[in-house]
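J.: Enclosed is the structure file final-v6.csv (CSV, C-alpha atoms).
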chain,number,residue,atom,x,y,z
A,19,GLN,CA,-41.6,-10.4,43.0
A,20,VAL,CA,-38.0,-10.7,43.9
A,21,GLN,CA,-36.0,-13.1,41.8
A,22,LEU,CA,-32.3,-14.1,42.0
A,23,VAL,CA,-31.2,-16.2,39.1
A,24,GLU,CA,-27.7,-17.8,39.1
A,25,SER,CA,-25.8,-19.1,36.1
A,26,GLY,CA,-22.3,-20.1,35.2
A,27,GLY,CA,-21.8,-23.3,37.1
A,28,GLY,CA,-20.4,-26.4,35.5
A,29,LEU,CA,-17.7,-29.0,35.6
A,30,VAL,CA,-14.1,-27.9,35.7
A,31,GLN,CA,-10.8,-29.5,36.4
A,32,ALA,CA,-8.8,-28.6,39.6
A,33,GLY,CA,-6.9,-25.5,39.0
A,34,GLY,CA,-9.4,-24.1,36.6
A,35,SER,CA,-11.7,-21.1,36.8
A,36,LEU,CA,-15.4,-20.4,36.6
A,37,ARG,CA,-17.4,-17.2,36.9
A,38,LEU,CA,-20.8,-17.3,38.5
A,39,SER,CA,-23.4,-14.7,37.7
A,40,CYS,CA,-26.6,-13.7,39.6
A,41,ALA,CA,-29.3,-11.6,38.0
A,42,ALA,CA,-31.5,-9.7,40.4
A,43,SER,CA,-35.0,-8.4,39.8
A,44,GLY,CA,-37.8,-7.0,41.9
A,45,ILE,CA,-35.5,-5.3,44.4
A,46,ILE,CA,-33.7,-1.9,44.4
A,47,PHE,CA,-30.5,-3.7,43.7
A,48,SER,CA,-28.1,-0.9,44.4
A,49,ILE,CA,-29.0,-0.6,48.1
A,50,HIS,CA,-28.7,-4.3,49.0
A,51,ALA,CA,-25.6,-6.1,50.1
A,52,MET,CA,-25.2,-9.4,48.1
A,53,ASP,CA,-23.8,-12.7,49.1
A,54,TRP,CA,-22.7,-16.0,47.7
A,55,TYR,CA,-23.3,-19.1,49.7
A,56,ARG,CA,-22.5,-22.8,48.9
A,57,GLN,CA,-23.7,-26.1,50.1
A,58,ALA,CA,-21.7,-29.3,49.6
A,59,PRO,CA,-23.4,-32.7,49.9
A,60,GLY,CA,-24.0,-33.6,53.5
A,61,LYS,CA,-22.8,-30.3,54.7
A,62,GLN,CA,-24.4,-27.1,56.0
A,63,ARG,CA,-24.8,-24.1,53.7
A,64,GLU,CA,-21.9,-21.7,54.3
A,65,LEU,CA,-21.2,-18.1,53.4
A,66,VAL,CA,-18.5,-17.8,50.7
A,67,ALA,CA,-18.4,-14.0,50.0
A,68,THR,CA,-20.2,-10.8,50.7
A,69,ILE,CA,-20.2,-7.4,49.0
A,70,SER,CA,-21.7,-4.3,50.5
A,71,SER,CA,-23.6,-1.7,48.7
A,72,ARG,CA,-22.6,1.9,49.2
A,73,GLY,CA,-23.7,3.2,45.9
A,74,ILE,CA,-20.2,3.9,44.8
A,75,PRO,CA,-18.3,0.9,43.5
A,76,SER,CA,-15.0,2.0,44.8
A,77,ARG,CA,-16.5,2.2,48.3
A,78,ASP,CA,-18.0,-1.3,48.3
A,79,THR,CA,-16.4,-3.7,50.8
A,80,THR,CA,-16.0,-7.4,50.4
A,81,ASN,CA,-15.5,-10.3,52.8
A,82,TYR,CA,-14.5,-13.8,52.1
A,83,ALA,CA,-14.6,-17.1,53.9
A,84,ASP,CA,-11.0,-18.3,54.8
A,85,PRO,CA,-11.0,-21.3,52.4
A,86,VAL,CA,-11.6,-19.0,49.3
A,87,LYS,CA,-9.5,-16.0,50.2
A,88,GLY,CA,-7.1,-15.1,47.5
A,89,ARG,CA,-8.9,-17.4,45.0
A,90,PHE,CA,-12.4,-16.0,44.7
A,91,THR,CA,-13.5,-12.4,43.9
A,92,ILE,CA,-17.0,-11.0,44.4
A,93,PHE,CA,-18.0,-8.0,42.4
A,94,ARG,CA,-21.2,-6.3,41.3
A,95,ASP,CA,-22.5,-4.2,38.5
A,96,ASN,CA,-25.4,-2.0,39.7
A,97,THR,CA,-26.2,-0.8,36.2
A,98,LYS,CA,-27.1,-4.3,35.3
A,99,ASN,CA,-28.4,-5.6,38.6
A,100,MET,CA,-25.8,-8.3,38.6
A,101,VAL,CA,-23.4,-9.8,41.1
A,102,TYR,CA,-20.6,-12.1,40.1
A,103,LEU,CA,-18.3,-14.6,41.8
A,104,GLN,CA,-15.0,-15.1,40.0
A,105,MET,CA,-13.5,-18.4,41.1
A,106,ASN,CA,-9.9,-19.2,40.3
A,107,SER,CA,-7.6,-22.0,41.3
A,108,LEU,CA,-10.5,-24.2,42.0
A,109,LYS,CA,-10.2,-27.3,44.2
A,110,PRO,CA,-12.3,-30.4,44.5
A,111,GLU,CA,-13.4,-29.2,47.9
A,112,ASP,CA,-15.1,-26.2,46.2
A,113,THR,CA,-17.6,-28.6,44.7
A,114,ALA,CA,-21.0,-27.5,45.9
A,115,VAL,CA,-24.3,-25.8,44.9
A,116,TYR,CA,-23.7,-22.1,44.9
A,117,TYR,CA,-26.5,-19.8,45.9
A,118,CYS,CA,-27.0,-16.0,45.4
A,119,HIS,CA,-28.5,-14.3,48.4
A,120,SER,CA,-29.7,-10.9,49.5
A,121,SER,CA,-31.7,-10.0,52.6
A,122,VAL,CA,-34.3,-12.8,52.8
A,123,TYR,CA,-34.1,-13.9,49.2
A,124,TRP,CA,-32.3,-16.9,47.7
A,125,GLY,CA,-31.7,-18.0,44.2
A,126,GLN,CA,-32.2,-21.6,43.0
A,127,GLY,CA,-28.5,-22.4,43.0
A,128,THR,CA,-26.0,-23.5,40.4
A,129,GLN,CA,-23.9,-26.6,40.6
A,130,VAL,CA,-20.1,-26.3,40.6
A,131,THR,CA,-18.2,-29.5,40.3
A,132,VAL,CA,-14.4,-29.6,40.4
A,133,SER,CA,-12.7,-32.8,39.4
A,134,SER,CA,-9.3,-33.8,40.6
Could I get this file's structure written as structure tokens?
T.:
Amino acid sequence: QVQLVESGGGLVQAGGSLRLSCAASGIIFSIHAMDWYRQAPGKQRELVATISSRGIPSRDTTNYADPVKGRFTIFRDNTKNMVYLQMNSLKPEDTAVYYCHSSVYWGQGTQVTVSS
């Protein structure tokens, strides 16, 4: 069965960095676009970043939500069935559960907490 397993969340001070990882199994990873979403307490889940899959890393395209542009970077390693979210210059408003997503599949989420 399809599994998406996130890791890398934690507690960090404002201005710090974290790298989230998502390990995919049960899908032909290289042909699927991958996304990161987040959900803060009392808020709707929102799309953070997307990376396409064109089979050639240099041709993958990425898109970011406005609040994270210039601070977050999504990238993938098709040889390892992994997608990552590098988060720099973190702000308290980035605090949320972060989810890996592809097609109709979701991971269980990883908590990111940014203290001020």
J.: For range 38-48 of chain A, find every residue with an atom within 7 Å (counting all atoms listed in the file), except residues of its own chain fewer than 5 positions away, and show them as a compact mmCIF listing (two decimals) with C-alpha atoms, in the coordinates of the input.
T.:
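Below is the file selection.txt, written as the result:
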# COMPACT_ATOMS: atom_id res chain seq x y z
CA GLN A 19 -41.60 -10.40 43.00
CA VAL A 20 -38.00 -10.70 43.90
CA GLN A 21 -36.00 -13.10 41.80
CA LEU A 22 -32.30 -14.10 42.00
CA VAL A 23 -31.20 -16.20 39.10
CA GLU A 24 -27.70 -17.80 39.10
CA SER A 25 -25.80 -19.10 36.10
CA GLY A 26 -22.30 -20.10 35.20
CA GLY A 27 -21.80 -23.30 37.10
CA SER A 71 -23.60 -1.70 48.70
CA GLY A 73 -23.70 3.20 45.90
CA ASN A 96 -25.40 -2.00 39.70
CA ASN A 99 -28.40 -5.60 38.60
CA MET A 100 -25.80 -8.30 38.60
CA VAL A 101 -23.40 -9.80 41.10
CA TYR A 102 -20.60 -12.10 40.10
CA LEU A 103 -18.30 -14.60 41.80
CA GLN A 104 -15.00 -15.10 40.00
CA CYS A 118 -27.00 -16.00 45.40
J.: Using all atoms listed in the file, list the residues that have an atom at most 12 Å from (-10.5, -22.6, 54.2), coordinates as in the file, as a list in words.
T.: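 Applying the cut-off with all atoms listed in the file, one gets Glu64, Leu65, Val66, Tyr82, Ala83, Asp84, Pro85, Val86, Lys87, Gly88, Arg89, Phe90, Lys109, Glu111 and Asp112 of chain A.
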J.: Based on the selection just made, write C-alpha atoms of those residues as an mmCIF file, keeping the file's coordinate frame.
T.:
data_model
loop_
_atom_site.group_PDB
_atom_site.id
_atom_site.type_symbol
_atom_site.label_atom_id
_atom_site.label_comp_id
_atom_site.auth_asym_id
_atom_site.auth_seq_id
_atom_site.Cartn_x
_atom_site.Cartn_y
_atom_site.Cartn_z
ATOM 1 C CA GLU A 64 -21.900 -21.700 54.300
ATOM 2 C CA LEU A 65 -21.200 -18.100 53.400
ATOM 3 C CA VAL A 66 -18.500 -17.800 50.700
ATOM 4 C CA TYR A 82 -14.500 -13.800 52.100
ATOM 5 C CA ALA A 83 -14.600 -17.100 53.900
ATOM 6 C CA ASP A 84 -11.000 -18.300 54.800
ATOM 7 C CA PRO A 85 -11.000 -21.300 52.400
ATOM 8 C CA VAL A 86 -11.600 -19.000 49.300
ATOM 9 C CA LYS A 87 -9.500 -16.000 50.200
ATOM 10 C CA GLY A 88 -7.100 -15.100 47.500
ATOM 11 C CA ARG A 89 -8.900 -17.400 45.000
ATOM 12 C CA PHE A 90 -12.400 -16.000 44.700
ATOM 13 C CA LYS A 109 -10.200 -27.300 44.200
ATOM 14 C CA GLU A 111 -13.400 -29.200 47.900
ATOM 15 C CA ASP A 112 -15.100 -26.200 46.200
#
J.: Do you have the CA of Thr97 in chain A-CA of Ser121 in chain A distance handy?
T.: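 If I compute the distance from CA of Thr97 in chain A to CA of Ser121 in chain A, I get 19.6 Å.
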J.: Find, counting only C-alpha atoms, the residue in A:Ser107, A:Ser76, A:Thr113, A:Gln129 that gets nearest to Gly34 in chain A.
T.: A:Ser107
J.: Which residues are near Ser70 in chain A? Cut-off 12 Å, all atoms listed in the file, ignore same chain within fewer than 5 positions. Put them as a list in words.
T.: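 Everything that qualifies: Phe47, Ser48, Ile49, His50, Ala51, Met52, Asp53, Pro75, Ser76, Arg77, Asp78, Thr79, Thr80, Asn81, Ile92, Phe93, Arg94, Asn96, Val101, Ser120 and Ser121 of chain A.
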J.: Could you tell me how far CA of Met105 in chain A lies from CA of Gly33 in chain A, in Å and to one decimal?
T.: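 Calculated distance between CA of Met105 in chain A and CA of Gly33 in chain A is 9.9 Å.
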J.: To one decimal in Å, tell me the separation between CA of Arg56 in chain A and CA of Val130 in chain A.
T.: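 About the pair CA of Arg56 in chain A and CA of Val130 in chain A: they are 9.3 Å apart.
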J.: Which protein, DNA or RNA residues have an atom at most 10 Å from (-8.9, -33.5, 39.2), counting all atoms listed in the file? List them as an mmCIF file with C-alpha atoms, keeping the file's coordinate frame.
T.:
data_model
loop_
_atom_site.group_PDB
_atom_site.id
_atom_site.type_symbol
_atom_site.label_atom_id
_atom_site.label_comp_id
_atom_site.auth_asym_id
_atom_site.auth_seq_id
_atom_site.Cartn_x
_atom_site.Cartn_y
_atom_site.Cartn_z
ATOM 1 C CA VAL A 30 -14.100 -27.900 35.700
ATOM 2 C CA GLN A 31 -10.800 -29.500 36.400
ATOM 3 C CA ALA A 32 -8.800 -28.600 39.600
ATOM 4 C CA GLY A 33 -6.900 -25.500 39.000
ATOM 5 C CA GLY A 34 -9.400 -24.100 36.600
ATOM 6 C CA LEU A 108 -10.500 -24.200 42.000
ATOM 7 C CA LYS A 109 -10.200 -27.300 44.200
ATOM 8 C CA PRO A 110 -12.300 -30.400 44.500
ATOM 9 C CA VAL A 132 -14.400 -29.600 40.400
ATOM 10 C CA SER A 133 -12.700 -32.800 39.400
ATOM 11 C CA SER A 134 -9.300 -33.800 40.600
#
